[in-house]
Each structure stands twice: as C-alpha cells, then as structure tokens.
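S.K.: Starting off with a structure, shown below.
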Amino acid sequence: MRAMSGDHVIEAVAGCTAALRPAVGGDWRTVRAGRLEWDCHTTAVHVADDLIAYAANLAGRARDGYLPFELTLDEGTGNADLLHVIETTGALLAAAVRTAPPGVRGFHSYPFRSADREGFAAMGVAEVLLHTHDIAEGLGLPYEPSADLAESVLTWLFPHVQPGPAPWPTLLWATGRGELPGRAPVTAWTWYNNLVIGAGRLDLVGIRPAAARDLSLGGDGGFEWIEGGPYEGTRQAAGFLLKAYEAGVHRPEFGVFALVRREDGRAVGGMGFHSAPDEEGRVEIGYDLAEGARGNGYATEALRALADWAMARDDVRALSATVETGNTASRAVVARAGFVQVSEDADEVAYELRR
C-alpha cells in the first residue's frame, strides 16, 4: 500500500505549477475559476492558504479549531510569485506530514473533527488537484493529474464514493465538477477523514478503503501490529469493507476499526460493523484480537466504546453479535459489554443490545 505522504503533496504541487506557469502573464483577477464563484487569483491564494493551514494544524496538534492566522500576500504580488508561494506552502505541508509521528491528529472540521498525517496529505493533494483544475479551466489551459494521485485521494478521502471507470473523472464528478455516465450530478459533497473512537487503553481507528485493500491482500494496512496480528478475521472484515466500497454501499462510520494500543501505537486487533443499520436500526458487530493481546480486557473496552458510540446515534436501535457456542472467552466479552443472549443452537449463540 502506498500511503498518502509528503511525496504526494510535492507531486501534486509540481503538477499545479507546471500547468499554470504558461499563463502567469495574464490577469487572473478578472477570470472566473471554472465553476467557482472565485476568480483565478483568489482560488490560487486559497490553495496556498489551505496548504499552510493544514501544515500548521498538523504540526501544532490543533484540537479545537484552526490555528488563528491567515495567509496574506504582499500588495502587488504577481502570478509567478503566487505560484512560488504555493510551492513553498506545499513544501511546508509535506515536511509536516513527513515529521508527524504515526497516529498524531490535528483539527479538521469534516466530518469527525480531526485528521491524521495521511488525511492532511490527502486533503492538501485534493485542494491542489481540484483547484488547479478550476483555474486551468478558467484560463483555458490543459490539465490532468496522474491517475495514481486521483485514485489516492478517492481511496483516502471519498470512501463513500463508488469507484468509476477512471479515477480523475470520478473525482471531478464526486466534487460537482463533471459528469459520469449512469450517475446523477453531484450538487453537494464532502470528504471523509477516518473516524477515531477512544476506548480506555485503546483507540478504534477507522480503516480506509486503501488500507482495507492492503490488509485483504496480506499487508499491514499501514498499522504496526503486535506479533500474530492482524488475525484472519480482521483481514476478512477488510475484504468485506473493500467489496462494499467497490459496490458503492460503504458507509465509513459503519466500517472496520483497528484496535490501536495507546501506550505503544501498536494494533492488537480489529472490530467493526457487518454493514450499515437496516431499516429497523439493527446492525451487527464483529471483532477479533491477535493471540498475544487476548486476556487483557481489550475487547471488552473496545466493544463497550463502539456500542456506546453506535447507540448514541438516531439511526441505531439495536446491536447484535454472534459468537461460536464453544468460545467462552468471547461470550464473556459481549456479556460484560451489556449484550443479552437471545438465542442459542449447537453452533452459535446470538446476543443483542437494545436501547
């Protein structure tokens, strides 16, 4: 798996400046940027402002909002110097991403109030790609980024969007900038950073489609696992997540989570939902732990936290879990988390937690 990184940011910015440099002699303030309400100059400043803001929030570990500053250009700054500013702010974001430890998060409002280093890299790349398209469209310049960059943005920030025939047209469609055969026009959109839920000694870290693909193929998904992990159930769950993503039915908040131990940042297991809630608000939970993590109460802590999070939502009325009849340890976990046994046969025991 090629995780989103500072290299992606540098690549995106290089493509931006190469595409726009032939038009630096024009008046960008009088030309509208594609379908935006902004002119091309304002849009380019916005790109630089976002890049430096993302770098600052990640490097500063911002928690409750953007750090209180704004990018302001000197009076009379020309277009060539503006591109230099984009190059510089892109380099600063790339440096912040490269130096941030794994798991560190900073504030971003959409949609779960934080992003990790890969998320900030992906958002920076998305801003550069999409707004370079807007500016180039306004100025009548050709522009198309690499398919790899576009696909990376989709798999890291748009887990709710079904992959299309090609990444770049799909990304343009998903952000209201183009059409895609067989799909209705997009008039409102947002991207998704992964959800993280605190659970005592653990964090439940949402697994993105890119990481799910890697896990399903035998990789580590970008996580540092304890010995014996990930267990086979986590790989299977990642495969189911990937199939849901490819079918266009994946809801990222009802996906799969890696159980990451806070003391050392190592993943000890996986837990998640089998699907989104049905029409009656029912959803099933499954989990597993690497053998070396069992017997420490991790599964109980994680299940309680995930159940509390789910039951606080309006669209969830009941949680269910199915455990093999002979798996006494797992049966004890669901019981300690408040689930009640509702049925049993020779092979499985069904549990339920209702409001």
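Identifiers for the structure tokens are assigned positionally: chains receive A, B, ... in sequence, residues are indexed from 1 per chain, and ligands are indexed from 1 in the order shown.
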How would you write, as a PyMOL selection string, the set of residues in range 169-281 of chain A that DSSP gives as strand (DSSP E)?
M.R.: chain A and resi 196-199+202-206+224-225+256-261+266-273
S.K.: Contacts of His108 in chain A at 9 Å or less, counting only C-alpha atoms, minus same-chain residues fewer than 3 places along, as an mmCIF file with all heavy atoms, in the first residue's frame?
M.R.:
```
data_model
loop_
_atom_site.group_PDB
_atom_site.id
_atom_site.type_symbol
_atom_site.label_atom_id
_atom_site.label_comp_id
_atom_site.auth_asym_id
_atom_site.auth_seq_id
_atom_site.Cartn_x
_atom_site.Cartn_y
_atom_site.Cartn_z
ATOM 1 N N TYR A 54 -3.173 23.502 6.826
ATOM 2 C CA TYR A 54 -3.074 22.076 7.118
ATOM 3 C C TYR A 54 -1.731 21.759 7.788
ATOM 4 O O TYR A 54 -1.673 20.970 8.737
ATOM 5 C CB TYR A 54 -3.225 21.255 5.834
ATOM 6 C CG TYR A 54 -4.589 21.320 5.192
ATOM 7 C CD1 TYR A 54 -4.780 20.909 3.878
ATOM 8 C CD2 TYR A 54 -5.700 21.788 5.894
ATOM 9 C CE1 TYR A 54 -6.033 20.951 3.277
ATOM 10 C CE2 TYR A 54 -6.947 21.837 5.306
ATOM 11 C CZ TYR A 54 -7.110 21.421 3.994
ATOM 12 O OH TYR A 54 -8.346 21.466 3.409
ATOM 13 N N ASN A 57 -1.949 23.043 11.453
ATOM 14 C CA ASN A 57 -2.802 22.261 12.344
ATOM 15 C C ASN A 57 -2.209 20.902 12.667
ATOM 16 O O ASN A 57 -2.367 20.399 13.777
ATOM 17 C CB ASN A 57 -4.194 22.094 11.726
ATOM 18 C CG ASN A 57 -5.128 23.216 12.121
ATOM 19 O OD1 ASN A 57 -4.690 24.322 12.423
ATOM 20 N ND2 ASN A 57 -6.418 22.949 12.110
ATOM 21 N N ALA A 62 -3.346 20.939 16.590
ATOM 22 C CA ALA A 62 -4.537 21.726 16.918
ATOM 23 C C ALA A 62 -5.688 20.805 17.294
ATOM 24 O O ALA A 62 -5.900 19.767 16.665
ATOM 25 C CB ALA A 62 -4.925 22.601 15.733
ATOM 26 N N ARG A 63 -6.462 21.188 18.302
ATOM 27 C CA ARG A 63 -7.516 20.322 18.811
ATOM 28 C C ARG A 63 -8.924 20.860 18.563
ATOM 29 O O ARG A 63 -9.831 20.100 18.233
ATOM 30 C CB ARG A 63 -7.334 20.098 20.316
ATOM 31 C CG ARG A 63 -6.095 19.280 20.661
ATOM 32 C CD ARG A 63 -6.026 19.031 22.162
ATOM 33 N NE ARG A 63 -4.879 18.179 22.505
ATOM 34 C CZ ARG A 63 -4.922 16.865 22.540
ATOM 35 N NH1 ARG A 63 -6.050 16.238 22.244
ATOM 36 N NH2 ARG A 63 -3.861 16.156 22.870
ATOM 37 N N ASP A 64 -9.129 22.144 18.755
ATOM 38 C CA ASP A 64 -10.486 22.673 18.775
ATOM 39 C C ASP A 64 -10.813 23.604 17.617
ATOM 40 O O ASP A 64 -11.906 24.144 17.548
ATOM 41 C CB ASP A 64 -10.736 23.417 20.097
ATOM 42 C CG ASP A 64 -10.555 22.506 21.296
ATOM 43 O OD1 ASP A 64 -11.015 21.356 21.228
ATOM 44 O OD2 ASP A 64 -9.946 22.945 22.283
ATOM 45 N N GLY A 65 -9.887 23.837 16.713
ATOM 46 C CA GLY A 65 -10.138 24.720 15.584
ATOM 47 C C GLY A 65 -8.842 25.019 14.858
ATOM 48 O O GLY A 65 -7.758 24.577 15.261
ATOM 49 N N TYR A 66 -8.961 25.769 13.779
ATOM 50 C CA TYR A 66 -7.770 26.168 13.047
ATOM 51 C C TYR A 66 -6.936 27.141 13.873
ATOM 52 O O TYR A 66 -7.479 27.968 14.620
ATOM 53 C CB TYR A 66 -8.155 26.835 11.726
ATOM 54 C CG TYR A 66 -8.669 25.870 10.687
ATOM 55 C CD1 TYR A 66 -10.046 25.730 10.458
ATOM 56 C CD2 TYR A 66 -7.800 25.087 9.946
ATOM 57 C CE1 TYR A 66 -10.517 24.832 9.510
ATOM 58 C CE2 TYR A 66 -8.259 24.193 9.002
ATOM 59 C CZ TYR A 66 -9.625 24.066 8.792
ATOM 60 O OH TYR A 66 -10.092 23.178 7.867
ATOM 61 N N PRO A 111 -15.333 15.036 8.627
ATOM 62 C CA PRO A 111 -16.599 15.254 9.327
ATOM 63 C C PRO A 111 -16.512 14.886 10.793
ATOM 64 O O PRO A 111 -17.467 15.061 11.533
ATOM 65 C CB PRO A 111 -17.550 14.307 8.594
ATOM 66 C CG PRO A 111 -16.692 13.115 8.319
ATOM 67 C CD PRO A 111 -15.285 13.645 8.103
ATOM 68 N N PHE A 112 -15.332 14.379 11.230
ATOM 69 C CA PHE A 112 -15.223 13.852 12.582
ATOM 70 C C PHE A 112 -14.274 14.669 13.452
ATOM 71 O O PHE A 112 -13.777 14.185 14.454
ATOM 72 C CB PHE A 112 -14.778 12.388 12.536
ATOM 73 C CG PHE A 112 -15.689 11.490 11.739
ATOM 74 C CD1 PHE A 112 -15.204 10.746 10.675
ATOM 75 C CD2 PHE A 112 -17.033 11.415 12.045
ATOM 76 C CE1 PHE A 112 -16.041 9.917 9.940
ATOM 77 C CE2 PHE A 112 -17.888 10.594 11.318
ATOM 78 C CZ PHE A 112 -17.395 9.846 10.263
ATOM 79 N N ARG A 113 -13.969 15.902 13.018
ATOM 80 C CA ARG A 113 -13.249 16.890 13.834
ATOM 81 C C ARG A 113 -11.755 16.627 13.981
ATOM 82 O O ARG A 113 -11.086 17.283 14.791
ATOM 83 C CB ARG A 113 -13.868 17.006 15.229
ATOM 84 C CG ARG A 113 -15.366 17.188 15.267
ATOM 85 C CD ARG A 113 -15.794 18.533 14.743
ATOM 86 N NE ARG A 113 -15.391 19.610 15.638
ATOM 87 C CZ ARG A 113 -15.605 20.901 15.364
ATOM 88 N NH1 ARG A 113 -16.186 21.252 14.226
ATOM 89 N NH2 ARG A 113 -15.225 21.832 16.205
ATOM 90 N N SER A 114 -11.189 15.734 13.188
ATOM 91 C CA SER A 114 -9.743 15.537 13.243
ATOM 92 C C SER A 114 -9.279 14.783 12.008
ATOM 93 O O SER A 114 -10.070 14.163 11.301
ATOM 94 C CB SER A 114 -9.326 14.768 14.504
ATOM 95 O OG SER A 114 -9.688 13.406 14.410
ATOM 96 N N ALA A 115 -7.972 14.850 11.758
ATOM 97 C CA ALA A 115 -7.355 14.101 10.658
ATOM 98 C C ALA A 115 -5.951 13.709 11.081
ATOM 99 O O ALA A 115 -5.295 14.405 11.863
ATOM 100 C CB ALA A 115 -7.301 14.947 9.383
ATOM 101 N N PHE A 120 -4.251 14.711 6.267
ATOM 102 C CA PHE A 120 -3.827 16.067 5.885
ATOM 103 C C PHE A 120 -3.118 16.055 4.539
ATOM 104 O O PHE A 120 -3.296 16.976 3.729
ATOM 105 C CB PHE A 120 -2.938 16.667 6.968
ATOM 106 C CG PHE A 120 -3.704 17.305 8.093
ATOM 107 C CD1 PHE A 120 -3.771 16.710 9.338
ATOM 108 C CD2 PHE A 120 -4.375 18.507 7.897
ATOM 109 C CE1 PHE A 120 -4.484 17.294 10.372
ATOM 110 C CE2 PHE A 120 -5.099 19.101 8.922
ATOM 111 C CZ PHE A 120 -5.153 18.493 10.171
ATOM 112 N N ASN A 193 -12.488 12.149 6.490
ATOM 113 C CA ASN A 193 -11.344 11.586 7.191
ATOM 114 C C ASN A 193 -11.846 10.426 8.050
ATOM 115 O O ASN A 193 -13.042 10.306 8.319
ATOM 116 C CB ASN A 193 -10.672 12.649 8.049
ATOM 117 C CG ASN A 193 -9.772 13.551 7.226
ATOM 118 O OD1 ASN A 193 -8.764 13.107 6.707
ATOM 119 N ND2 ASN A 193 -10.153 14.822 7.086
#
```
S.K.: Find the spatial neighbours of range 251-262 of chain A, counting only C-alpha atoms, within a cut-off of 6 Å - ignore same-chain residues fewer than 3 positions away - and output them as a PyMOL selection string.
M.R.: chain A and resi 160+201-207+265-273+276
S.K.: Need to verify the contact set: Tyr143 in chain A, 7 Å, only C-alpha atoms, exclusion of same-chain residues closer than 4 positions in sequence. Can you return it as an mmCIF file with N, CA, C and O atoms, in the first residue's frame?
M.R.:
```cif
data_model
loop_
_atom_site.group_PDB
_atom_site.id
_atom_site.type_symbol
_atom_site.label_atom_id
_atom_site.label_comp_id
_atom_site.auth_asym_id
_atom_site.auth_seq_id
_atom_site.Cartn_x
_atom_site.Cartn_y
_atom_site.Cartn_z
ATOM 1 N N ALA A 19 1.320 23.318 -14.837
ATOM 2 C CA ALA A 19 0.140 23.571 -15.660
ATOM 3 C C ALA A 19 -0.189 25.050 -15.760
ATOM 4 O O ALA A 19 -0.633 25.532 -16.813
ATOM 5 N N HIS A 133 -7.493 22.387 -11.422
ATOM 6 C CA HIS A 133 -8.477 22.149 -12.481
ATOM 7 C C HIS A 133 -9.358 23.379 -12.692
ATOM 8 O O HIS A 133 -9.606 23.786 -13.834
ATOM 9 N N ALA A 136 -7.213 26.217 -14.271
ATOM 10 C CA ALA A 136 -6.859 25.873 -15.654
ATOM 11 C C ALA A 136 -8.073 25.957 -16.565
ATOM 12 O O ALA A 136 -7.969 26.421 -17.712
#
```
S.K.: Name all residues at most 9 Å from Arg355 in chain A (count only C-alpha atoms; drop same-chain ones fewer than 6 positions away) and give them as number ranges by chain.
M.R.: A: 311, 316-318
S.K.: Write out as a VMD selection string the residues lying within 8 Å of Ala174 in chain A, counting only C-alpha atoms and excluding same-chain residues fewer than 4 positions away.
M.R.: chain A and resid 161 170 186 189
S.K.: Which neighbours of range 228-233 of chain A fall inside 12 Å, counting only C-alpha atoms, when residues of the same chain fewer than 2 positions from it are skipped, and could you give them as an MDAnalysis selection string?
M.R.: chainID A and resid 212 214:226 235:240 256:260 266:272 274 286:294
S.K.: Restricting the calculation to only C-alpha atoms, which member of A:Leu195, A:Leu130, A:Asp308, A:Ala188 is positioned closest to Trp168 in chain A?
M.R.: A:Leu130
S.K.: Extract the full set of alpha helix (DSSP H) residues from range 5-242 of chain A according to DSSP on the backbone, and format it as number ranges by chain.
M.R.: A: 6-20, 40-59, 79-99, 117-139, 147-157, 167-174, 209-216, 232-242
S.K.: With distances taken over only C-alpha atoms, which of A:Gly78, A:Gly60, A:Gly248, A:Gly15 is nearest to Trp28 in chain A?
M.R.: A:Gly78
S.K.: Report, in Å to a single decimal, how far apart CA of Glu179 in chain A and CA of Ala244 in chain A are.
M.R.: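 CA of Glu179 in chain A lies 22.8 Å from CA of Ala244 in chain A.
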